[in-house]
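Asks: Okay, handing you the structure first.
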Amino acid sequence: MHIDLHAHSNASDGTDSPAELVANAVVAGLDVVALTDHDTVAGHAEAAAAVRALPAGRSLTLVPGAELSCRVEGISMHLLAYLFDPAEPAFAAERELVRTDRFRRGRAVVERCRELGAPISWEQVERIAGAGSVGRPHIASALVEAGVVATVDEAFTRDWLANGGRADVPKHETDPVTAVRLVRAAGGVPVFAHPGAVKRGRTVPDQVIADLALAGLGGLEVDHTDHDEPTRARLRGLAGELGLFCTGSSDYHGARKSVRLGAFTTAPQVFEELLAQATGAEPIR
């Protein structure tokens, strides 16, 4: 089985619609794909309908999920949440709070970029985002359109949008222990996304991961494009010590990033363990 547990649609900062993501996952030869847009479940219904409408001879399992924005000890981190009840009120309220603050932060980042000489506008960013929740990748695309940088990746440096960069503006981010508990209370399974991605900025110390494990963290996303082999080996060792499972995922964003669907995958036995822990929702088959 080919299992990719981290992909984005244009409901957040990907470029594929949820239905296109499903179609592209089938073309990529995946058996399982997780839709994990940032702090939203807005794409779930469309993706589920696309899976149910697949023609005879084509099959795909969809894992509904989300990627949550968190902060601990002044460090931003992301938590993947799988198979939670989207209607559970406490977790739904926290996701709404984060989404609302994304709008405020986005406008502030655009204004900061303009102060730094970038000829971009909020209207341009809204056009790029479409129906999706505005995030820094949309602002990065605006910087590319304006010729300020050549690629989206070049926008995520300290000169512009990186954490702590010249145009960075803080946003509301959930305490990760609180986030883990919210996910579990909603019947979901929490996994720490790309925990060793040093290219994104500071990473949390191992003690924080140990604290999250005590709070109910299920696993670590180990096989990821932002992790080199020594980092993956270290994270596997840490996961073993803490009793966590290890996932692998592409973190696909469509045309916005170069990584392809299925570039990194999760072992079938790990996927079965994730399913065994989930009580909030079922995969769409």
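Residue numbers start at 1 in each chain; chains themselves are named A, B, ... in the order of the structure tokens; ligands are numbered from 1 in the order shown.
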Set the distance at 7 Å and use only C-alpha atoms: which residues neighbour stretch 170-181 of chain A once local chain neighbours fewer than 5 positions away are removed? I'd like the list as a ChimeraX atom specification.
Replies: /A:69-72,98,101-102,105,190,212,215-217
Asks: How would the residues just chosen look if you wrote them out with N, CA and C atoms as a PDB file, in the first residue's frame?
Replies:
ATOM      1  N   SER A  69      -1.917  25.058  13.796  1.00  0.00           N
ATOM      2  CA  SER A  69      -0.835  25.995  14.102  1.00  0.00           C
ATOM      3  C   SER A  69      -0.675  26.087  15.613  1.00  0.00           C
ATOM      4  N   CYS A  70       0.529  25.785  16.104  1.00  0.00           N
ATOM      5  CA  CYS A  70       0.800  25.782  17.544  1.00  0.00           C
ATOM      6  C   CYS A  70       2.069  26.581  17.832  1.00  0.00           C
ATOM      7  N   ARG A  71       2.254  26.938  19.091  1.00  0.00           N
ATOM      8  CA  ARG A  71       3.470  27.638  19.525  1.00  0.00           C
ATOM      9  C   ARG A  71       3.799  27.224  20.942  1.00  0.00           C
ATOM     10  N   VAL A  72       5.088  26.956  21.176  1.00  0.00           N
ATOM     11  CA  VAL A  72       5.564  26.606  22.511  1.00  0.00           C
ATOM     12  C   VAL A  72       6.971  27.175  22.681  1.00  0.00           C
ATOM     13  N   VAL A  98      -8.146  30.307  15.321  1.00  0.00           N
ATOM     14  CA  VAL A  98      -6.901  30.360  14.554  1.00  0.00           C
ATOM     15  C   VAL A  98      -7.166  30.891  13.144  1.00  0.00           C
ATOM     16  N   ASP A 101      -7.727  34.667  13.098  1.00  0.00           N
ATOM     17  CA  ASP A 101      -6.505  35.440  13.288  1.00  0.00           C
ATOM     18  C   ASP A 101      -5.582  35.354  12.073  1.00  0.00           C
ATOM     19  N   ARG A 102      -5.723  34.303  11.257  1.00  0.00           N
ATOM     20  CA  ARG A 102      -4.950  34.225  10.015  1.00  0.00           C
ATOM     21  C   ARG A 102      -5.244  35.434   9.120  1.00  0.00           C
ATOM     22  N   ARG A 105      -3.529  38.517  10.584  1.00  0.00           N
ATOM     23  CA  ARG A 105      -2.087  38.410  10.404  1.00  0.00           C
ATOM     24  C   ARG A 105      -1.704  38.589   8.932  1.00  0.00           C
ATOM     25  N   PRO A 190      -3.347  12.770  17.139  1.00  0.00           N
ATOM     26  CA  PRO A 190      -2.405  13.853  16.851  1.00  0.00           C
ATOM     27  C   PRO A 190      -1.001  13.338  16.519  1.00  0.00           C
ATOM     28  N   LEU A 212       4.560  16.256  25.122  1.00  0.00           N
ATOM     29  CA  LEU A 212       3.423  16.011  24.233  1.00  0.00           C
ATOM     30  C   LEU A 212       3.039  14.529  24.230  1.00  0.00           C
ATOM     31  N   ALA A 215       0.926  13.878  27.073  1.00  0.00           N
ATOM     32  CA  ALA A 215      -0.400  14.472  26.907  1.00  0.00           C
ATOM     33  C   ALA A 215      -1.278  13.685  25.949  1.00  0.00           C
ATOM     34  N   GLY A 216      -0.679  12.766  25.149  1.00  0.00           N
ATOM     35  CA  GLY A 216      -1.480  11.965  24.230  1.00  0.00           C
ATOM     36  C   GLY A 216      -1.059  12.001  22.782  1.00  0.00           C
ATOM     37  N   LEU A 217       0.119  12.578  22.486  1.00  0.00           N
ATOM     38  CA  LEU A 217       0.618  12.567  21.103  1.00  0.00           C
ATOM     39  C   LEU A 217       0.713  11.141  20.595  1.00  0.00           C
TER      40      LEU A 217
END
Asks: What lies within 9 Å of A:Phe91 using only C-alpha atoms, ignoring chain neighbours under 4 positions off, as an MDAnalysis selection string?
Replies: chainID A and resid 85:87 95:96 179 182:183 185:186
Asks: Give me a file of those residues, with N, CA and C atoms, as a PDB file, in the first residue's frame.
Replies:
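Contents of selection.pdb, freshly written:
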ATOM      1  N   ASP A  85     -13.749  14.240  15.260  1.00  0.00           N
ATOM      2  CA  ASP A  85     -15.124  14.669  15.014  1.00  0.00           C
ATOM      3  C   ASP A  85     -15.101  16.170  14.725  1.00  0.00           C
ATOM      4  N   PRO A  86     -15.385  16.599  13.501  1.00  0.00           N
ATOM      5  CA  PRO A  86     -15.263  18.026  13.177  1.00  0.00           C
ATOM      6  C   PRO A  86     -16.284  18.893  13.899  1.00  0.00           C
ATOM      7  N   ALA A  87     -17.344  18.284  14.424  1.00  0.00           N
ATOM      8  CA  ALA A  87     -18.384  19.050  15.108  1.00  0.00           C
ATOM      9  C   ALA A  87     -18.152  19.170  16.607  1.00  0.00           C
ATOM     10  N   ARG A  95     -10.182  25.948  16.249  1.00  0.00           N
ATOM     11  CA  ARG A  95      -9.843  26.077  14.827  1.00  0.00           C
ATOM     12  C   ARG A  95     -10.375  27.389  14.265  1.00  0.00           C
ATOM     13  N   GLU A  96     -11.587  27.770  14.665  1.00  0.00           N
ATOM     14  CA  GLU A  96     -12.167  29.026  14.184  1.00  0.00           C
ATOM     15  C   GLU A  96     -11.362  30.219  14.667  1.00  0.00           C
ATOM     16  N   ALA A 179      -3.545  21.551  22.302  1.00  0.00           N
ATOM     17  CA  ALA A 179      -3.989  21.052  21.004  1.00  0.00           C
ATOM     18  C   ALA A 179      -4.075  19.524  21.003  1.00  0.00           C
ATOM     19  N   LEU A 182      -7.164  18.578  22.858  1.00  0.00           N
ATOM     20  CA  LEU A 182      -8.369  18.876  22.090  1.00  0.00           C
ATOM     21  C   LEU A 182      -8.603  17.826  21.006  1.00  0.00           C
ATOM     22  N   VAL A 183      -7.549  17.443  20.320  1.00  0.00           N
ATOM     23  CA  VAL A 183      -7.675  16.432  19.262  1.00  0.00           C
ATOM     24  C   VAL A 183      -8.148  15.111  19.849  1.00  0.00           C
ATOM     25  N   ALA A 185      -9.781  14.628  22.667  1.00  0.00           N
ATOM     26  CA  ALA A 185     -11.147  14.761  23.169  1.00  0.00           C
ATOM     27  C   ALA A 185     -12.169  14.703  22.031  1.00  0.00           C
ATOM     28  N   ALA A 186     -11.739  15.073  20.811  1.00  0.00           N
ATOM     29  CA  ALA A 186     -12.605  14.989  19.642  1.00  0.00           C
ATOM     30  C   ALA A 186     -12.495  13.635  18.943  1.00  0.00           C
TER      31      ALA A 186
END
Asks: Could you give me, as a Markdown table, every stretch 151-209 of chain A residue with an atom at most 8 Å from stretch 226-232 of chain A, plus its closest atom pair and distance in Å to one decimal, counting only C-alpha atoms, rows ordered by chain then number?
Replies:
| residue | atom | partner | partner_atom | distance |
| --- | --- | --- | --- | --- |
| A:His194 | CA | A:Asp226 | CA | 7.0 |
| A:Gly196 | CA | A:His227 | CA | 6.2 |
| A:Ala197 | CA | A:Asp226 | CA | 5.2 |
| A:Val198 | CA | A:Asp226 | CA | 7.8 |
| A:Lys199 | CA | A:Asp226 | CA | 7.2 |
Asks: With only C-alpha atoms as the basis for distance, which of A:Leu62, A:Ala210, A:Val41, A:Ile284 is at the shortest distance from A:Leu21?
Replies: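 Residue with the minimum atom-to-atom distance to A:Leu21: A:Leu62.
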Asks: Mind checking which residues fall within 12 Å of A:Gly240, counting only C-alpha atoms, ignoring those fewer than 3 positions away in the same chain, and posting them as a VMD selection string?
Replies: chain A and resid 210 213 218 to 220 222 233 to 237 243 to 246
Asks: Write out as a PyMOL selection string the set of residues from stretch 1-226 of chain A that DSSP, computed on the backbone, places in strand (DSSP E).
Replies: chain A and resi 3-7+32-35+61-72+75-82+189-193+219-223
Asks: Tell me, as a ChimeraX atom specification, which residues lie within 7 Å of stretch 158-166 of chain A, counting only C-alpha atoms; anything in the same chain fewer than 3 positions away does not count.
Replies: /A:155,200-201
Asks: Figure out the distance between atom CA of A:Glu123 and atom CA of A:Leu143, please, to one decimal in Å.
Replies: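 Value for the atom CA of A:Leu143-atom CA of A:Glu123 distance: 13.1 Å.
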Asks: Give me, as a ChimeraX atom specification, the residues of stretch 30-266 of chain A that a backbone DSSP run labels alpha helix (DSSP H).
Replies: /A:44-52,89-115,122-129,136-145,152-155,176-185,206-215,229-242
Asks: Have a look at atom CA of A:Val152 and atom CA of A:Gly262 and let me know their distance in Å, one decimal.
Replies: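 Answer for the atom CA of A:Val152 to atom CA of A:Gly262 separation: 21.1 Å.
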Asks: Which residue is closest to A:Pro55? Choose from A:Met77, A:Ala23, A:Leu83, A:Ala118 and count only C-alpha atoms.
Replies: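 Checking each candidate against A:Pro55, we get A:Ala23 as the closest.
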Asks: To one decimal place in Å, what is the distance between atom CA of A:Thr151 and atom CA of A:Val109?
Replies: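 The value is 17.9 Å.
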